[in-house]
Structure formats: structure tokens, C-alpha cells
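Structure below is start38.cif: mmCIF, C-alpha atoms and all ligand atoms.
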```cif
data_entry
#
loop_
_atom_site.label_atom_id
_atom_site.label_comp_id
_atom_site.auth_asym_id
_atom_site.auth_seq_id
_atom_site.Cartn_x
_atom_site.Cartn_y
_atom_site.Cartn_z
CA MET A 1 0.00 0.00 0.00
CA PRO A 2 1.21 3.55 -0.60
CA GLU A 3 2.65 5.13 2.55
CA ALA A 4 0.01 7.31 4.23
CA SER A 5 0.94 10.68 5.70
CA PRO A 6 0.31 11.29 9.39
CA TRP A 7 -2.82 13.34 10.12
CA ASN A 8 -2.29 17.04 9.58
CA ALA A 9 -5.28 19.39 9.90
CA GLU A 10 -3.68 22.14 7.79
CA ARG A 11 -2.99 19.74 4.92
CA ALA A 12 -6.56 18.43 5.25
CA GLN A 13 -7.88 22.01 4.95
CA GLU A 14 -5.79 22.47 1.80
CA ILE A 15 -7.20 19.26 0.30
CA ILE A 16 -10.74 20.34 1.11
CA ALA A 17 -10.12 23.77 -0.44
CA GLU A 18 -8.67 22.13 -3.60
CA HIS A 19 -11.90 20.18 -4.17
CA ILE A 20 -14.62 22.44 -2.78
CA GLU A 21 -15.51 24.07 -6.10
CA LEU A 22 -16.26 20.73 -7.74
CA GLU A 23 -19.86 19.77 -8.31
CA GLY A 24 -20.71 17.30 -5.54
CA PRO A 25 -17.43 17.86 -3.69
CA MET A 26 -18.02 15.47 -0.76
CA LEU A 27 -16.85 12.23 -2.39
CA PRO A 28 -13.81 13.75 -4.15
CA ILE A 29 -12.79 15.35 -0.83
CA LEU A 30 -13.16 12.05 1.03
CA HIS A 31 -11.21 10.14 -1.62
CA ALA A 32 -8.42 12.73 -1.59
CA LEU A 33 -8.23 12.73 2.21
CA GLN A 34 -8.11 8.94 2.31
CA GLU A 35 -5.40 8.89 -0.34
CA GLU A 36 -3.31 11.34 1.70
CA PHE A 37 -3.88 9.96 5.22
CA GLY A 38 -4.86 6.34 4.52
CA HIS A 39 -8.23 6.75 6.24
CA ILE A 40 -10.79 9.41 7.12
CA HIS A 41 -9.46 10.78 10.39
CA THR A 42 -12.14 11.66 12.98
CA ASP A 43 -10.93 15.26 12.98
CA ALA A 44 -11.57 15.51 9.24
CA VAL A 45 -15.32 15.18 9.77
CA PRO A 46 -15.91 18.61 11.39
CA LEU A 47 -13.61 20.25 8.83
CA ILE A 48 -15.63 18.82 5.95
CA ALA A 49 -18.92 19.62 7.68
CA ASP A 50 -17.92 23.28 8.15
CA ALA A 51 -16.64 23.60 4.58
CA LEU A 52 -19.78 22.10 3.03
CA ASN A 53 -22.21 23.63 5.52
CA LEU A 54 -23.45 20.23 6.62
CA SER A 55 -23.82 18.62 10.03
CA ARG A 56 -21.10 16.31 11.32
CA ALA A 57 -23.69 13.53 11.38
CA GLU A 58 -24.32 13.99 7.65
CA VAL A 59 -20.62 13.73 6.85
CA HIS A 60 -20.19 10.77 9.18
CA GLY A 61 -23.19 9.12 7.46
CA VAL A 62 -21.50 9.37 4.06
CA VAL A 63 -18.18 8.03 5.40
CA THR A 64 -19.88 5.00 6.92
CA PHE A 65 -22.25 4.42 3.97
CA TYR A 66 -19.54 3.92 1.36
CA HIS A 67 -17.42 0.80 1.76
CA ASP A 68 -14.52 2.61 0.08
CA PHE A 69 -13.87 4.74 3.13
CA ARG A 70 -12.19 3.54 6.29
CA ASP A 71 -12.27 5.40 9.60
CA ALA A 72 -9.09 3.85 10.99
CA PRO A 73 -5.62 3.27 9.54
CA CYS A 74 -5.29 0.01 7.60
CA GLY A 75 -2.60 -2.67 7.81
CA ARG A 76 0.48 -2.82 5.59
CA HIS A 77 -1.55 -4.88 3.11
CA VAL A 78 -5.24 -4.74 2.27
CA LEU A 79 -7.15 -7.78 1.05
CA GLN A 80 -10.54 -6.94 -0.41
CA LEU A 81 -12.91 -9.84 -0.98
CA CYS A 82 -15.90 -9.48 -3.26
CA ARG A 83 -19.33 -9.98 -1.73
CA GLY A 84 -21.24 -9.29 -4.96
CA GLU A 85 -23.90 -11.67 -6.22
CA ALA A 86 -21.84 -13.55 -8.80
CA CYS A 87 -19.10 -14.19 -6.27
CA GLN A 88 -21.64 -15.23 -3.65
CA SER A 89 -23.14 -17.74 -6.10
CA VAL A 90 -19.82 -19.59 -6.18
CA GLY A 91 -19.18 -19.60 -2.45
CA SER A 92 -17.46 -16.30 -1.69
CA GLU A 93 -19.23 -15.92 1.66
CA ALA A 94 -18.01 -19.28 2.95
CA LEU A 95 -14.53 -18.51 1.63
CA ALA A 96 -14.53 -15.11 3.34
CA ALA A 97 -15.75 -16.67 6.60
CA THR A 98 -12.83 -19.14 6.48
CA VAL A 99 -10.29 -16.42 5.71
CA LEU A 100 -11.59 -14.09 8.44
CA ASN A 101 -11.72 -16.94 10.92
CA ASN A 102 -8.16 -18.05 10.10
CA LEU A 103 -6.87 -14.50 10.46
CA GLY A 104 -8.89 -13.87 13.63
CA VAL A 105 -10.44 -10.65 12.32
CA GLY A 106 -13.86 -9.42 11.20
CA TRP A 107 -14.65 -7.33 8.13
CA HIS A 108 -12.59 -4.12 8.24
CA GLY A 109 -10.41 -5.74 10.87
CA THR A 110 -6.61 -5.65 10.93
CA THR A 111 -4.47 -8.53 12.15
CA HIS A 112 -2.65 -7.98 15.48
CA ASP A 113 0.71 -7.66 13.75
CA GLY A 114 -0.68 -4.86 11.58
CA ASP A 115 0.13 -6.84 8.43
CA LEU A 116 -3.29 -7.18 6.88
CA THR A 117 -6.69 -5.52 6.78
CA VAL A 118 -9.61 -7.40 5.22
CA GLU A 119 -12.38 -5.39 3.61
CA PRO A 120 -15.49 -6.24 1.61
CA VAL A 121 -16.04 -4.97 -1.93
CA TYR A 122 -19.15 -5.31 -4.07
CA CYS A 123 -18.45 -6.48 -7.63
CA LEU A 124 -15.11 -5.74 -9.17
CA GLY A 125 -16.31 -6.51 -12.69
CA LEU A 126 -14.43 -9.81 -12.51
CA CYS A 127 -17.57 -11.94 -12.17
CA ALA A 128 -16.37 -14.41 -14.83
CA ASN A 129 -13.48 -15.22 -12.51
CA SER A 130 -15.49 -15.43 -9.28
CA PRO A 131 -14.78 -15.56 -6.44
CA SER A 132 -12.56 -12.55 -6.85
CA GLY A 133 -10.78 -9.95 -4.80
CA LEU A 134 -7.97 -7.44 -4.68
CA LEU A 135 -4.73 -7.55 -2.77
CA ASP A 136 -3.25 -4.07 -2.47
CA GLY A 137 -5.33 -3.09 -5.49
CA GLU A 138 -4.17 -6.01 -7.67
CA PRO A 139 -7.03 -8.17 -8.97
CA HIS A 140 -7.11 -11.91 -8.31
CA GLY A 141 -9.73 -14.34 -9.58
CA ARG A 142 -10.89 -17.90 -8.92
CA LEU A 143 -9.91 -17.50 -5.29
CA ASN A 144 -9.89 -20.28 -2.77
CA ALA A 145 -8.31 -20.48 0.67
CA GLY A 146 -5.07 -21.96 -0.71
CA LYS A 147 -4.70 -19.30 -3.40
CA ILE A 148 -5.34 -16.51 -0.89
CA THR A 149 -2.63 -17.93 1.40
CA GLU A 150 -0.27 -18.06 -1.58
CA ILE A 151 -0.82 -14.47 -2.67
CA LEU A 152 -0.53 -13.23 0.91
CA GLU A 153 2.76 -15.07 1.37
CA GLU A 154 4.07 -13.53 -1.85
CA ALA A 155 3.03 -10.06 -0.68
CA TYR A 156 4.65 -10.50 2.74
CA ALA A 157 7.86 -11.74 1.13
CA SER A 158 8.18 -8.76 -1.23
S1 LIG B 201 -19.76 -10.12 -8.10
FE1 LIG B 201 -17.69 -10.38 -7.54
S2 LIG B 201 -16.65 -9.59 -9.25
FE2 LIG B 201 -18.70 -9.29 -9.78
#
```
Let's see the structure in the file written out as C-alpha cells.
Amino acid sequence: MPEASPWNAERAQEIIAEHIELEGPMLPILHALQEEFGHIHTDAVPLIADALNLSRAEVHGVVTFYHDFRDAPCGRHVLQLCRGEACQSVGSEALAATVLNNLGVGWHGTTHDGDLTVEPVYCLGLCANSPSGLLDGEPHGRLNAGKITEILEEAYAS
């Protein structure tokens, strides 16, 4: 994963200002903040709310509604497993349950060593290769528990 910068309110204000003139600026602001800081820091919520003249609850609602946004820093690697319909039809839920259980985390959880965060995604457009997922943004298809272990080992070794 790209190295995230530590939280910095001034930099966050700059990012908000860079995107505020866009039509529908909320999502571009959130994406830009997450790209910079790796997650949506709690202190970003009031800054966005003030800038867009919204309540903090409204901003928080958007952050929690979209699966793209995380409210805590992620691990060194991020495994995203698809929970879309095509993937579910070939057993993605059972596969995810096994993976989460083996790692001892829930969805959005990070392993104790900080190595890996597991997140859900909803259709990556790789339905023909279901069950599918992304590891650090790289697509992988026809996943099973063995293949996931393999790609994780490769990522840890690199
Ligand atoms: S449903 Fe998983 S890639 Fe489309």
C-alpha cells in the first residue's frame, strides 16, 4: 500500500479547499483525504462539515455508507474480498468466513501484527473469474483459501 501521511489538519484544509468548487465535492474530498492519510481521520469530519455547511452527522453518514472509506488506519496490506452476487453464487461468503476466521479478524479488521486488513467490496467486474478480490489493489480471480494464502505469502515476502 502507498505510505500514508500522518494526520495534519492544515494539509486536510488544503485538500478540502482544492476540491470544494467541484460539483458534488463530498466524495472527491473524502477520496483525496483517504489517499493522503490512509483513512478518514475523525478530525476531518468537522472540517468537511464546516466547509460544506453540513452537520457532522451527515458527513459521518456518508463516510460509513460507502465501503470505500475507512475510519481507521489500515494494515500494511489490504485484502478486499468481493461480496457481490456472482461471487456469492460460487461460495465467496463461505470462503470469506474461512479467511476471516483463520486471520482472527472481522470485516474491516486488521491482524494484530498490523500486516493485513480485510475489507469487503461489491463487484469488481471480474464476475467471470469469481470468487474474486484485490490484494493491495491487484485483482485476483478464482480465489480459494489456498490461493489466498499463496498471494498473501508472496506479498509479505516482497
Ligand atoms: S460479483 Fe464479484 S466480481 Fe462481480
Q. Separation of CA of Ala145 (chain A) and CA of Gly133 (chain A), in Å?
A.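 One can read the CA of Ala145 (chain A) to CA of Gly133 (chain A) distance as 12.1 Å.
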Could you give me, as a CSV table (one decimal) with C-alpha atoms, in the frame of the given file, every polymer residue with an atom at most 9 Å away from an atom of ligand LIG 201 (chain B), counting only C-alpha atoms and all ligand atoms?
```csv
chain,number,residue,atom,x,y,z
A,81,LEU,CA,-12.9,-9.8,-1.0
A,82,CYS,CA,-15.9,-9.5,-3.3
A,83,ARG,CA,-19.3,-10.0,-1.7
A,84,GLY,CA,-21.2,-9.3,-5.0
A,85,GLU,CA,-23.9,-11.7,-6.2
A,86,ALA,CA,-21.8,-13.6,-8.8
A,87,CYS,CA,-19.1,-14.2,-6.3
A,88,GLN,CA,-21.6,-15.2,-3.6
A,89,SER,CA,-23.1,-17.7,-6.1
A,92,SER,CA,-17.5,-16.3,-1.7
A,121,VAL,CA,-16.0,-5.0,-1.9
A,122,TYR,CA,-19.2,-5.3,-4.1
A,123,CYS,CA,-18.4,-6.5,-7.6
A,124,LEU,CA,-15.1,-5.7,-9.2
A,125,GLY,CA,-16.3,-6.5,-12.7
A,126,LEU,CA,-14.4,-9.8,-12.5
A,127,CYS,CA,-17.6,-11.9,-12.2
A,128,ALA,CA,-16.4,-14.4,-14.8
A,129,ASN,CA,-13.5,-15.2,-12.5
A,130,SER,CA,-15.5,-15.4,-9.3
A,131,PRO,CA,-14.8,-15.6,-6.4
A,132,SER,CA,-12.6,-12.6,-6.8
A,133,GLY,CA,-10.8,-10.0,-4.8
A,141,GLY,CA,-9.7,-14.3,-9.6
```
Q: Check the smallest atom-to-atom distance from each of A:His60, A:His31, A:His19, A:His112 to Asp43 (chain A) using all atoms listed in the file, then report the winner.
A: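 Going through A:His60, A:His31, A:His19, A:His112 one by one, the smallest distance to Asp43 (chain A) is for A:His60.
If you look at CA of Leu143 (chain A) and CA of Ala94 (chain A), they are 11.7 Å away from each other.
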Listing only residues of region 93-140 of chain A within 9 Å of region 149-158 of chain A, what is the closest atom pair and its distance in Å (to one decimal) for each, using all atoms listed in the file, sorted by chain and residue number ascending, as JSON lines?
```
{"residue": "A:Val99", "atom": "CA", "partner": "A:Thr149", "partner_atom": "CA", "distance": 8.9}
{"residue": "A:Asp115", "atom": "CA", "partner": "A:Tyr156", "partner_atom": "CA", "distance": 8.1}
{"residue": "A:Leu116", "atom": "CA", "partner": "A:Leu152", "partner_atom": "CA", "distance": 8.9}
{"residue": "A:Leu135", "atom": "CA", "partner": "A:Ile151", "partner_atom": "CA", "distance": 7.9}
{"residue": "A:Asp136", "atom": "CA", "partner": "A:Ala155", "partner_atom": "CA", "distance": 8.9}
{"residue": "A:His140", "atom": "CA", "partner": "A:Ile151", "partner_atom": "CA", "distance": 8.8}
```
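The closest residue to Leu103 (chain A), picked from A:Cys74, A:Ile148, A:Glu35, A:Pro120 and counting all atoms listed in the file, is A:Ile148.
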Q. Using all atoms listed in the file, which of the listed residues (A:Val90, A:Asn102, A:Glu119, A:Gly114) sits closest to Arg70 (chain A)?
A. A:Glu119
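Pairwise distance (CA of Leu95 (chain A), CA of Thr110 (chain A)) equals 17.7 Å.
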Q: Name the closest residue to Trp107 (chain A) among the candidates A:Ala12, A:His67, A:Leu134, A:Asn53; distances are taken between atoms, counting all atoms listed in the file.
A: A:His67
Q | Contacts of Ile20 (chain A) at 12 Å (only C-alpha atoms; same-chain gap of 5+ positions) as number ranges by chain | A | A: 13-15, 25-30, 32, 47-53
Dump as a tab-separated table (two decimals), keeping the file's coordinate frame, selection limited to C-alpha atoms:
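Result file part_14.tsv:
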```tsv
chain	number	residue	atom	x	y	z
A	13	GLN	CA	-7.88	22.01	4.95
A	14	GLU	CA	-5.79	22.47	1.80
A	15	ILE	CA	-7.20	19.26	0.30
A	25	PRO	CA	-17.43	17.86	-3.69
A	26	MET	CA	-18.02	15.47	-0.76
A	27	LEU	CA	-16.85	12.23	-2.39
A	28	PRO	CA	-13.81	13.75	-4.15
A	29	ILE	CA	-12.79	15.35	-0.83
A	30	LEU	CA	-13.16	12.05	1.03
A	32	ALA	CA	-8.42	12.73	-1.59
A	47	LEU	CA	-13.61	20.25	8.83
A	48	ILE	CA	-15.63	18.82	5.95
A	49	ALA	CA	-18.92	19.62	7.68
A	50	ASP	CA	-17.92	23.28	8.15
A	51	ALA	CA	-16.64	23.60	4.58
A	52	LEU	CA	-19.78	22.10	3.03
A	53	ASN	CA	-22.21	23.63	5.52
```
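When all atoms listed in the file are used to compute distances to Pro73 (chain A), the closest of the residues A:Gly24, A:Gly38, A:Gly106, A:Gly146 turns out to be A:Gly38.
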